[in-house]
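Asks: Got a structure for you, written out below as structure tokens; questions coming shortly.
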Amino acid sequence: MNNKVNVRFAPSPTGVLHIGSVRTALFNWLYARHNNGNFFLRIEDTDKLRSTDENTKLIFKILEWLQINWDGEPVIQSSRMDRHKEVALDLVARGKAYYCYCTPEELASKKEYCLRENKPYKYDGKCRNGNTNHDLNIKPVIRLKSELDGFTVVNDMVQGEVKVNNSQLDDLVLIRSDGTPTYMLSVVVDDHDMNITHVIRGDDHLTNTFRQIQIYKACGWDIPKFGHIPLIYGPDGAKLSKRHGAASAIDYMQLGYLPEAISNYLLRLGWSHGDEEIITRENAIKWFDFNSVGKSPSRFDMAKLQNLNAHYIKERNNESLLEYALPFFKCELTEENKKNILKGMNSLKERAKTIVELADSSLIYVKAPEIYDDKCSKYATSNHLELLREIITKLNNAEFSTNEEELCNSIKEFANLRNVKLVEIAQAIRGALCGKLASPSVFEIISIIDKEETIKRLNSFVDHYSK
RNA sequence: GUCUCCUUAGUCUAGGGGCCUAGGACAUCGCCCUCUCACGGCGACAACACGGGUUCAAAUCCCGUAGGAGACGCCA
């Protein structure tokens, strides 16, 4: 039990789950599974004003979507406030923390002074509990009495040895004046109580780590190992955020990215295993380790994600793909529709980069085009229309079958006879069937939607452009 | 401003002193395939931030410089 690896993912529900956080979750999860350890989930909702149930539910939803399963029940941090306070009080009792009565004004001027003089903000006698010089109407905060001399060293699994002079560390607040514990305190207490052995989180927490180590030391607790993974940047090199477009995990879900594509992409962002690009879950678990986690931050590249997504779309079987795509259709599908889409799926899926695109292109098996793309007019000259009329007649007379291969041969022959290129006829048919000039094979489409529907669409097209 | 971290093509990366005329992938471009668009196949373009050392030998080790990022809350 004692040497078992315990990691946690500790998002705060103060906003929608960031895609960078998802990668943190993934790395934690992989590390746990690689080591046969536990992956715990903790919701850090101590900021009651900004935390919402909705965001919490979203965290569960995204993790489930990505099949990042957690062990045990999620820990709700706010429910552990009493424990956090208890630790703070104990620290005060043991002289490791103190009540600070500084008013916000005093604090501001003091801070300004420290900033100007380039000194860290440290406790002084004036802030001590029991100081009668101070107005006891002021509600105090509890601050940690941090070390003044020496260094604090983190032996980070990613960043290596990182050292900071203790003179840089300030006396952080443990308990706010309203009596609630701060993040710094809660994290340390919870990680300790949950027996967390490895804290894997975003690089933006690296400097917090020094301060948290001070808390561990004051409490006399074992310090876990830390791994700070580099952040994900936007295309401009700054921390990926909403202004870069899709920054939240839910965005990618709605944009039609498959969970396996997201996982694979996120895994390769900052981690590698030789030349491997397409990595299965099994191999990810087998191969994942911190030696191969890069130190430098990486930029989010939508094009590569799309490429991966296209790969995984092709890899999925047709039934599961349709099932997955169902919510992306803006209209109801009949069983007949589904059957036809499934028939055409092999051709549809190799063209789609996202599920949104897949659902959109599947519409050719659901209904006739409502509008024709402007480019269609190029294949709607009187000559084209005349050819289409002939084809309609031949279909009606059963001179042309709707068997894909037979029809293909017949039309080729027909083109030859009329002395036009096949592309001229095919494109005209395509325009009529799809309303646009890019689609799977027209012969395949006809074989699926069958004679009646084909003739209907061809007639509409001819009518439309005859006017 | 202070502290901390980072730096191989447009992007993700391989690389651990000689296997490097720097490998793979995405993107881009070209050719082939072809009823369109894709898929697929073949090919091209394109990088060790800069400057000094150390060494017979440096992308790799050391020192500077420059650039970028993160943290400096009674947010998490």
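By convention in this document, the chains of the structure tokens carry letters A, B, ... by their order, each chain's residues are numbered from 1, and ligands are numbered from 1 in the order they are shown.
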Stretch 11-16 of chain B: which residues within 10 Å, counting only C-alpha atoms (C1' of nucleotides), same-chain residues fewer than 5 positions away excluded, as a ChimeraX atom specification?
Replies: /A:235,265,268-277,294,298-304 /B:22-27,59-60
Asks: At a cut-off of 6 Å, which residues of chain B touch chain A? Count only C-alpha atoms (C1' of nucleotides) and give the answer as a ChimeraX atom specification.
Replies: /B:6,14,24,26,35-39,70-71,74
Asks: Go through A:Ser51, A:Ser167, A:Thr209, A:Gln254 and flag the residue nearest A:Val188, using only C-alpha atoms for the distances.
Replies: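 The answer is A:Thr209, which sits nearest to A:Val188.
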Asks: Return as a VMD selection string the full set of residues in stretch 23-236 of chain A whose backbone-based DSSP assignment is helix (DSSP H, G or I).
Replies: chain A and resid 23 to 34 53 to 65 77 to 93 104 to 117 125 to 127 166 to 168 183 to 193 203 to 219
Asks: Write out as a PyMOL selection string each polymer residue whose atoms come within 12 Å of B:G67, counting only C-alpha atoms (C1' of nucleotides); drop sequence neighbours fewer than 4 positions from it.
Replies: chain B and resi 6-7+49-50
Asks: Write the residues of the preceding selection, restricted to N, CA and C atoms (P, O5', C5', C4', C3', O3' and C1' of nucleotides), as a PDB file, in the first residue's frame.
Replies:
ATOM      1  P     C B   6      14.777  24.550 -18.224  1.00  0.00           P
ATOM      2  O5'   C B   6      14.064  24.960 -19.582  1.00  0.00           O
ATOM      3  C5'   C B   6      12.976  24.190 -20.088  1.00  0.00           C
ATOM      4  C4'   C B   6      12.382  24.902 -21.271  1.00  0.00           C
ATOM      5  C3'   C B   6      13.317  25.087 -22.450  1.00  0.00           C
ATOM      6  O3'   C B   6      13.349  23.922 -23.248  1.00  0.00           O
ATOM      7  C1'   C B   6      12.210  27.129 -22.006  1.00  0.00           C
ATOM      8  P     U B   7      14.688  23.643 -24.116  1.00  0.00           P
ATOM      9  O5'   U B   7      14.520  24.653 -25.342  1.00  0.00           O
ATOM     10  C5'   U B   7      13.279  24.672 -26.074  1.00  0.00           C
ATOM     11  C4'   U B   7      13.444  25.623 -27.261  1.00  0.00           C
ATOM     12  C3'   U B   7      14.684  25.285 -28.110  1.00  0.00           C
ATOM     13  O3'   U B   7      14.428  25.200 -29.495  1.00  0.00           O
ATOM     14  C1'   U B   7      14.854  27.506 -27.224  1.00  0.00           C
ATOM     15  P     A B  49      19.147  26.110 -31.720  1.00  0.00           P
ATOM     16  O5'   A B  49      19.255  27.562 -32.364  1.00  0.00           O
ATOM     17  C5'   A B  49      18.308  28.008 -33.329  1.00  0.00           C
ATOM     18  C4'   A B  49      18.393  29.512 -33.402  1.00  0.00           C
ATOM     19  C3'   A B  49      19.810  30.062 -33.261  1.00  0.00           C
ATOM     20  O3'   A B  49      20.428  30.165 -34.529  1.00  0.00           O
ATOM     21  C1'   A B  49      18.367  31.148 -31.727  1.00  0.00           C
ATOM     22  P     C B  50      21.992  29.869 -34.655  1.00  0.00           P
ATOM     23  O5'   C B  50      22.641  31.188 -34.054  1.00  0.00           O
ATOM     24  C5'   C B  50      22.426  32.452 -34.672  1.00  0.00           C
ATOM     25  C4'   C B  50      23.054  33.533 -33.816  1.00  0.00           C
ATOM     26  C3'   C B  50      24.498  33.272 -33.427  1.00  0.00           C
ATOM     27  O3'   C B  50      25.387  33.705 -34.439  1.00  0.00           O
ATOM     28  C1'   C B  50      23.274  33.895 -31.508  1.00  0.00           C
TER      29        C B  50
END
Asks: Which of stretch 138-314 of chain A end up as strand (DSSP E) when DSSP is run on this backbone - answer as an MDAnalysis selection string?
Replies: chainID A and resid 141:144 151:156 160:165 173:175 198:202 225:229 232:233 298:299
Asks: Keeping N, CA and C atoms, export the residues of the selection given above as a JSON list (two decimals), in the first residue's frame.
Replies:
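Produced file result22.json, reproduced below:
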[["chain", "number", "residue", "atom", "x", "y", "z"],
["A", 141, "VAL", "N", -6.20, 37.29, 9.11],
["A", 141, "VAL", "CA", -5.97, 36.11, 8.30],
["A", 141, "VAL", "C", -4.90, 35.30, 9.03],
["A", 142, "ILE", "N", -4.79, 34.04, 8.67],
["A", 142, "ILE", "CA", -3.67, 33.26, 9.22],
["A", 142, "ILE", "C", -2.63, 33.10, 8.12],
["A", 143, "ARG", "N", -1.42, 33.49, 8.44],
["A", 143, "ARG", "CA", -0.32, 33.37, 7.49],
["A", 143, "ARG", "C", 0.69, 32.33, 7.94],
["A", 144, "LEU", "N", 1.30, 31.71, 6.99],
["A", 144, "LEU", "CA", 2.36, 30.76, 7.29],
["A", 144, "LEU", "C", 3.63, 31.55, 7.56],
["A", 151, "PHE", "N", 17.54, 27.56, 1.08],
["A", 151, "PHE", "CA", 16.92, 27.36, -0.23],
["A", 151, "PHE", "C", 15.82, 26.32, -0.14],
["A", 152, "THR", "N", 14.92, 26.40, -1.04],
["A", 152, "THR", "CA", 13.94, 25.34, -1.19],
["A", 152, "THR", "C", 14.19, 24.70, -2.55],
["A", 153, "VAL", "N", 14.31, 23.40, -2.55],
["A", 153, "VAL", "CA", 14.65, 22.69, -3.77],
["A", 153, "VAL", "C", 13.54, 21.72, -4.17],
["A", 154, "VAL", "N", 13.18, 21.74, -5.43],
["A", 154, "VAL", "CA", 12.23, 20.76, -5.94],
["A", 154, "VAL", "C", 12.99, 19.88, -6.92],
["A", 155, "ASN", "N", 12.87, 18.58, -6.72],
["A", 155, "ASN", "CA", 13.46, 17.69, -7.70],
["A", 155, "ASN", "C", 12.34, 17.22, -8.62],
["A", 156, "ASP", "N", 12.10, 18.01, -9.62],
["A", 156, "ASP", "CA", 10.93, 17.80, -10.46],
["A", 156, "ASP", "C", 11.15, 16.69, -11.48],
["A", 160, "GLY", "N", 13.53, 18.76, -13.61],
["A", 160, "GLY", "CA", 14.81, 18.50, -12.96],
["A", 160, "GLY", "C", 14.91, 19.28, -11.66],
["A", 161, "GLU", "N", 16.12, 19.55, -11.21],
["A", 161, "GLU", "CA", 16.27, 20.25, -9.94],
["A", 161, "GLU", "C", 16.04, 21.74, -10.13],
["A", 162, "VAL", "N", 15.10, 22.25, -9.37],
["A", 162, "VAL", "CA", 14.80, 23.68, -9.42],
["A", 162, "VAL", "C", 14.94, 24.23, -8.01],
["A", 163, "LYS", "N", 15.72, 25.29, -7.89],
["A", 163, "LYS", "CA", 16.07, 25.80, -6.58],
["A", 163, "LYS", "C", 15.66, 27.26, -6.46],
["A", 164, "VAL", "N", 15.14, 27.63, -5.32],
["A", 164, "VAL", "CA", 14.84, 29.04, -5.13],
["A", 164, "VAL", "C", 15.30, 29.46, -3.74],
["A", 165, "ASN", "N", 15.74, 30.70, -3.66],
["A", 165, "ASN", "CA", 16.18, 31.25, -2.39],
["A", 165, "ASN", "C", 14.97, 31.53, -1.52],
["A", 173, "VAL", "N", -1.09, 33.32, 2.73],
["A", 173, "VAL", "CA", -2.29, 33.23, 3.55],
["A", 173, "VAL", "C", -2.80, 31.79, 3.56],
["A", 174, "LEU", "N", -3.08, 31.29, 4.76],
["A", 174, "LEU", "CA", -3.61, 29.94, 4.92],
["A", 174, "LEU", "C", -5.13, 29.98, 5.09],
["A", 175, "ILE", "N", -5.55, 30.90, 5.97],
["A", 175, "ILE", "CA", -6.99, 31.08, 6.23],
["A", 175, "ILE", "C", -7.35, 32.53, 5.96],
["A", 198, "HIS", "N", 2.56, 11.36, -6.13],
["A", 198, "HIS", "CA", 3.09, 12.12, -7.25],
["A", 198, "HIS", "C", 2.11, 13.22, -7.66],
["A", 199, "VAL", "N", 2.57, 14.43, -7.57],
["A", 199, "VAL", "CA", 1.72, 15.55, -7.96],
["A", 199, "VAL", "C", 2.10, 15.96, -9.37],
["A", 200, "ILE", "N", 1.23, 15.64, -10.31],
["A", 200, "ILE", "CA", 1.50, 15.95, -11.70],
["A", 200, "ILE", "C", 0.53, 17.04, -12.13],
["A", 201, "ARG", "N", 1.04, 18.17, -12.52],
["A", 201, "ARG", "CA", 0.18, 19.30, -12.83],
["A", 201, "ARG", "C", 0.86, 20.23, -13.82],
["A", 202, "GLY", "N", 0.19, 21.30, -14.17],
["A", 202, "GLY", "CA", 0.72, 22.26, -15.14],
["A", 202, "GLY", "C", 1.90, 23.04, -14.59],
["A", 225, "LYS", "N", 6.44, 13.57, -4.74],
["A", 225, "LYS", "CA", 7.23, 13.91, -5.91],
["A", 225, "LYS", "C", 6.39, 14.85, -6.78],
["A", 226, "PHE", "N", 7.06, 15.72, -7.49],
["A", 226, "PHE", "CA", 6.33, 16.64, -8.35],
["A", 226, "PHE", "C", 6.73, 16.47, -9.81],
["A", 227, "GLY", "N", 5.77, 16.67, -10.67],
["A", 227, "GLY", "CA", 6.05, 16.67, -12.11],
["A", 227, "GLY", "C", 5.28, 17.81, -12.74],
["A", 228, "HIS", "N", 5.99, 18.82, -13.18],
["A", 228, "HIS", "CA", 5.30, 19.98, -13.78],
["A", 228, "HIS", "C", 5.42, 19.94, -15.28],
["A", 229, "ILE", "N", 4.30, 19.65, -15.92],
["A", 229, "ILE", "CA", 4.34, 19.52, -17.37],
["A", 229, "ILE", "C", 4.13, 20.87, -18.03],
["A", 232, "ILE", "N", 0.33, 24.30, -22.62],
["A", 232, "ILE", "CA", 0.01, 24.31, -24.04],
["A", 232, "ILE", "C", -0.24, 25.75, -24.45],
["A", 233, "TYR", "N", 0.44, 26.16, -25.49],
["A", 233, "TYR", "CA", 0.29, 27.52, -25.97],
["A", 233, "TYR", "C", -0.63, 27.56, -27.19],
["A", 298, "SER", "N", 4.49, 23.55, -25.83],
["A", 298, "SER", "CA", 4.20, 23.33, -27.23],
["A", 298, "SER", "C", 2.96, 24.08, -27.66],
["A", 299, "ARG", "N", 2.91, 24.35, -28.94],
["A", 299, "ARG", "CA", 1.77, 25.09, -29.47],
["A", 299, "ARG", "C", 0.72, 24.14, -30.00]]
